[in-house]
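Visitor: Just so it is clear, I am handing over input.cif, which has mmCIF, C-alpha atoms and all ligand atoms.
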data_coords
#
loop_
_atom_site.label_atom_id
_atom_site.label_comp_id
_atom_site.auth_asym_id
_atom_site.auth_seq_id
_atom_site.Cartn_x
_atom_site.Cartn_y
_atom_site.Cartn_z
CA MET A 2 13.92 -31.07 224.66
CA ARG A 3 16.89 -32.68 226.28
CA ALA A 4 16.44 -35.34 228.92
CA TYR A 5 18.98 -37.13 231.07
CA LEU A 6 19.46 -38.72 234.45
CA MET A 7 21.03 -36.16 236.76
CA ASP A 8 23.74 -38.62 237.75
CA GLN A 9 24.46 -39.47 234.07
CA GLN A 10 24.32 -36.11 232.39
CA ASP A 11 26.30 -37.15 229.33
CA ARG A 12 23.73 -39.77 228.24
CA ASP A 13 20.55 -38.51 226.65
CA LEU A 14 17.33 -40.25 227.57
CA GLY A 15 15.18 -40.73 224.49
CA ALA A 16 11.45 -40.29 224.21
CA ALA A 17 11.04 -44.06 224.69
CA ALA A 18 12.77 -43.92 228.09
CA LEU A 19 10.50 -41.05 229.11
CA ARG A 20 7.43 -42.94 227.88
CA ALA A 21 8.45 -45.93 229.98
CA GLU A 22 8.19 -43.57 232.97
CA GLY A 23 4.77 -42.39 231.85
CA ILE A 24 6.05 -39.04 230.60
CA LEU A 25 4.69 -37.97 227.22
CA HIS A 26 6.44 -35.52 224.93
CA TRP A 27 5.64 -33.98 221.59
CA GLN A 28 7.84 -31.62 219.61
CA LEU A 29 5.50 -29.13 217.96
CA PRO A 30 6.46 -26.23 215.69
CA THR A 31 7.50 -22.99 217.37
CA ASP A 32 5.29 -20.82 215.15
CA GLU A 33 1.67 -20.48 216.31
CA ALA A 34 0.31 -20.74 212.77
CA ALA A 35 2.00 -24.14 212.62
CA TRP A 36 1.41 -25.45 216.17
CA ALA A 37 -2.26 -24.50 216.56
CA ALA A 38 -3.66 -27.47 214.62
CA PRO A 39 -1.45 -30.23 216.07
CA LEU A 40 -1.99 -28.84 219.57
CA GLN A 41 -5.76 -28.94 219.06
CA ALA A 42 -5.50 -32.52 217.78
CA ILE A 43 -3.65 -33.54 220.97
CA ARG A 44 -6.21 -31.69 223.12
CA ASP A 45 -9.06 -33.47 221.36
CA ALA A 46 -7.41 -36.88 221.62
CA ARG A 47 -6.55 -36.55 225.32
CA GLY A 48 -9.50 -34.54 226.56
CA TYR A 49 -7.61 -31.39 227.54
CA VAL A 50 -10.71 -29.23 227.71
CA SER A 51 -9.28 -26.03 229.16
CA MET A 52 -6.12 -24.05 228.61
CA ASP A 53 -4.55 -20.85 229.85
CA GLN A 54 -1.20 -19.14 229.44
CA VAL A 55 1.38 -18.18 232.02
CA HIS A 56 4.48 -16.09 231.65
CA LEU A 57 7.41 -15.77 234.02
CA ASP A 58 10.27 -13.32 233.80
CA ALA A 59 12.21 -10.87 235.96
CA THR A 60 9.19 -8.52 236.11
CA THR A 61 6.84 -11.20 237.52
CA ALA A 62 5.61 -10.24 240.99
CA ASP A 63 7.31 -12.38 243.65
CA LEU A 64 9.13 -14.45 241.02
CA ASP A 65 11.47 -15.95 243.61
CA GLY A 66 8.56 -16.91 245.84
CA LEU A 67 6.78 -18.60 242.95
CA LEU A 68 9.92 -20.43 241.89
CA ALA A 69 10.50 -21.62 245.44
CA ARG A 70 7.04 -23.21 245.35
CA PHE A 71 7.53 -24.76 241.91
CA CYS A 72 10.93 -26.05 242.92
CA ALA A 73 9.68 -27.95 245.96
CA GLU A 74 9.17 -31.60 245.08
CA HIS A 75 5.46 -32.37 244.71
CA LEU A 76 2.91 -34.32 242.76
CA HIS A 77 -0.61 -33.79 241.45
CA THR A 78 -3.60 -36.09 241.34
CA ASP A 79 -4.06 -35.11 237.69
CA GLU A 80 -1.66 -34.74 234.79
CA GLU A 81 0.47 -31.61 234.53
CA ILE A 82 0.50 -30.59 230.87
CA ARG A 83 2.67 -27.76 229.59
CA PHE A 84 3.25 -26.47 226.10
CA VAL A 85 6.19 -24.08 225.88
CA VAL A 86 5.42 -21.14 223.61
CA ALA A 87 8.66 -19.25 224.25
CA GLY A 88 11.58 -19.32 226.64
CA SER A 89 12.69 -22.47 228.42
CA GLY A 90 12.54 -24.33 231.69
CA ILE A 91 13.52 -27.44 233.61
CA PHE A 92 11.31 -30.26 234.81
CA ASP A 93 12.95 -32.71 237.20
CA LEU A 94 10.97 -35.93 237.57
CA ARG A 95 11.57 -38.97 239.74
CA ASP A 96 12.01 -42.20 237.82
CA ALA A 97 10.76 -45.56 239.06
CA SER A 98 14.00 -45.97 241.06
CA ASP A 99 13.55 -42.53 242.66
CA ARG A 100 16.40 -41.00 240.67
CA TRP A 101 16.02 -37.52 239.22
CA MET A 102 15.46 -37.26 235.49
CA ARG A 103 16.00 -33.75 234.14
CA VAL A 104 13.96 -32.62 231.14
CA HIS A 105 15.02 -29.27 229.69
CA VAL A 106 12.17 -27.90 227.60
CA GLY A 107 12.05 -25.04 225.12
CA ALA A 108 9.71 -23.52 222.55
CA GLY A 109 7.57 -26.13 220.83
CA ASP A 110 7.90 -28.77 223.57
CA LEU A 111 4.70 -30.26 224.96
CA ILE A 112 5.27 -32.35 228.06
CA VAL A 113 2.80 -34.38 230.11
CA VAL A 114 3.83 -35.18 233.68
CA PRO A 115 1.65 -38.12 234.72
CA ALA A 116 -0.55 -37.96 237.79
CA HIS A 117 1.15 -39.05 241.02
CA LYS A 118 4.67 -38.54 239.61
CA TYR A 119 6.93 -36.56 241.90
CA HIS A 120 8.50 -33.61 240.12
CA ARG A 121 9.67 -30.02 240.45
CA PHE A 122 10.09 -27.13 238.05
CA ALA A 123 12.75 -24.45 237.70
CA LEU A 124 13.73 -21.78 235.24
CA ASP A 125 17.12 -22.03 233.61
CA GLU A 126 19.70 -19.23 233.27
CA ALA A 127 17.50 -17.34 230.79
CA ARG A 128 14.93 -16.96 233.60
CA THR A 129 11.88 -16.64 231.36
CA ILE A 130 9.19 -18.93 230.01
CA THR A 131 5.81 -18.54 228.38
CA CYS A 132 3.70 -21.65 228.41
CA LYS A 133 0.20 -22.92 227.94
CA ARG A 134 -1.24 -24.94 230.80
CA LEU A 135 -3.71 -27.55 229.66
CA PHE A 136 -6.20 -29.23 231.95
CA GLN A 137 -8.50 -32.23 231.92
CA ASP A 138 -10.11 -31.11 235.14
CA ALA A 139 -9.01 -28.01 237.03
CA SER A 140 -10.13 -29.51 240.35
CA GLY A 141 -7.13 -31.89 240.32
CA TRP A 142 -4.77 -29.01 240.72
CA THR A 143 -3.57 -28.97 244.29
CA PRO A 144 0.14 -29.72 244.66
CA VAL A 145 0.88 -32.43 247.20
CA PRO A 146 4.30 -31.83 248.76
CA ARG A 147 6.43 -34.91 249.08
CA THR A 148 6.84 -34.55 252.81
CA ALA A 149 3.07 -34.56 253.33
CA ALA A 150 2.49 -37.61 251.15
CA ALA A 151 5.45 -39.70 252.33
FE FE B 201 3.63 -29.56 239.37
#
Is it possible to give me this structure as structure tokens?

Guide:
Amino acid sequence: MRAYLMDQQDRDLGAAALRAEGILHWQLPTDEAAWAAPLQAIRDARGYVSMDQVHLDATTADLDGLLARFCAEHLHTDEEIRFVVAGSGIFDLRDASDRWMRVHVGAGDLIVVPAHKYHRFALDEARTITCKRLFQDASGWTPVPRTAAA
């Protein structure tokens, strides 16, 4: 994971700075035999009752259409929880001053975007990611575009 303000790209934001914005991050192992137990412990502690897996790459149907949706600034009324199994991606999140924070995630990164936090997602140059989506309650999962909520 690497995190920075987009207007101060040479200064890394630490986990504490992310936590102050309500963003949680864990670095888990990249090997399933090693991440399974700590991931389950986090699920148990935080009540992430369901989980599925999504994969994006050049063969994904309508990849550009999907990315256009993910890349539009939005929020959710529930947490957005992603555990990166392979590949990499970019979460941009608004800080309390409405500046963009960029969090570049890769294999082993577990990130929790808090409810009601504006964000967007993009792939990086590698254009592929495999991640687990974890949910407390699937009914919270309607993106709210910023224009509609403003
Ligand atoms: Fe989202």

Visitor: At a cut-off of 7 Å, can you tabulate as a tab-separated table every residue of chain A near ligand FE 201 (chain B) together with its closest atom pair and the distance in Å to one decimal, using all atoms listed in the file and ordering rows by chain then number?

Guide:
residue	atom	partner	partner_atom	distance
A:Phe71	CA	B:FE201	FE	6.7
A:His75	CA	B:FE201	FE	6.3
A:Leu76	CA	B:FE201	FE	5.9
A:His77	CA	B:FE201	FE	6.3
A:Glu81	CA	B:FE201	FE	6.1
A:His120	CA	B:FE201	FE	6.4
A:Arg121	CA	B:FE201	FE	6.2
A:Pro144	CA	B:FE201	FE	6.3

Visitor: List as an NGL selection string the protein and nucleic acid residues near Arg95 of chain A, meaning an atom at most 12 Å away when all atoms listed in the file are counted, but skip any in the same chain fewer than 4 places from it.

Guide: :A and (5-7 or 19 or 22-24 or 74-76 or 99-104 or 114-115 or 117-121 or 147)

Visitor: Write out as a list in words the residues lying within 10 Å of His26 of chain A, counting all atoms listed in the file and excluding same-chain residues fewer than 5 positions away.

Guide: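 Returned residues: Met2, Ala16, Ala17, Leu19, Arg20, Ile82, Arg83, Phe84, Val106, Asp110, Leu111, Ile112, Val113 and Val114 of chain A.
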
Visitor: Have a look at A:Ala18, A:Leu25, A:Ala42, A:Ala4 and name the one nearest to Ala116 of chain A; count only C-alpha atoms.

Guide: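 Among A:Ala18, A:Leu25, A:Ala42, A:Ala4, it is A:Leu25 that comes nearest to Ala116 of chain A.
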
Visitor: Looking at all atoms listed in the file, which of A:Val86, A:Leu14, A:Ala97, A:Ile91 is the one that sits closest to His56 of chain A?

Guide: A:Val86

Visitor: Kindly give the distance, in Å, that separates atom CA of Ala108 of chain A and atom CA of Glu80 of chain A, rounded to a single decimal.

Guide: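 Between atom CA of Ala108 of chain A and atom CA of Glu80 of chain A the gap is 20.1 Å.
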
Visitor: Go ahead and compute the interatomic distance for atom CA of Pro146 of chain A and atom CA of Gln9 of chain A, in Å to one decimal.

Guide: 26.1 Å
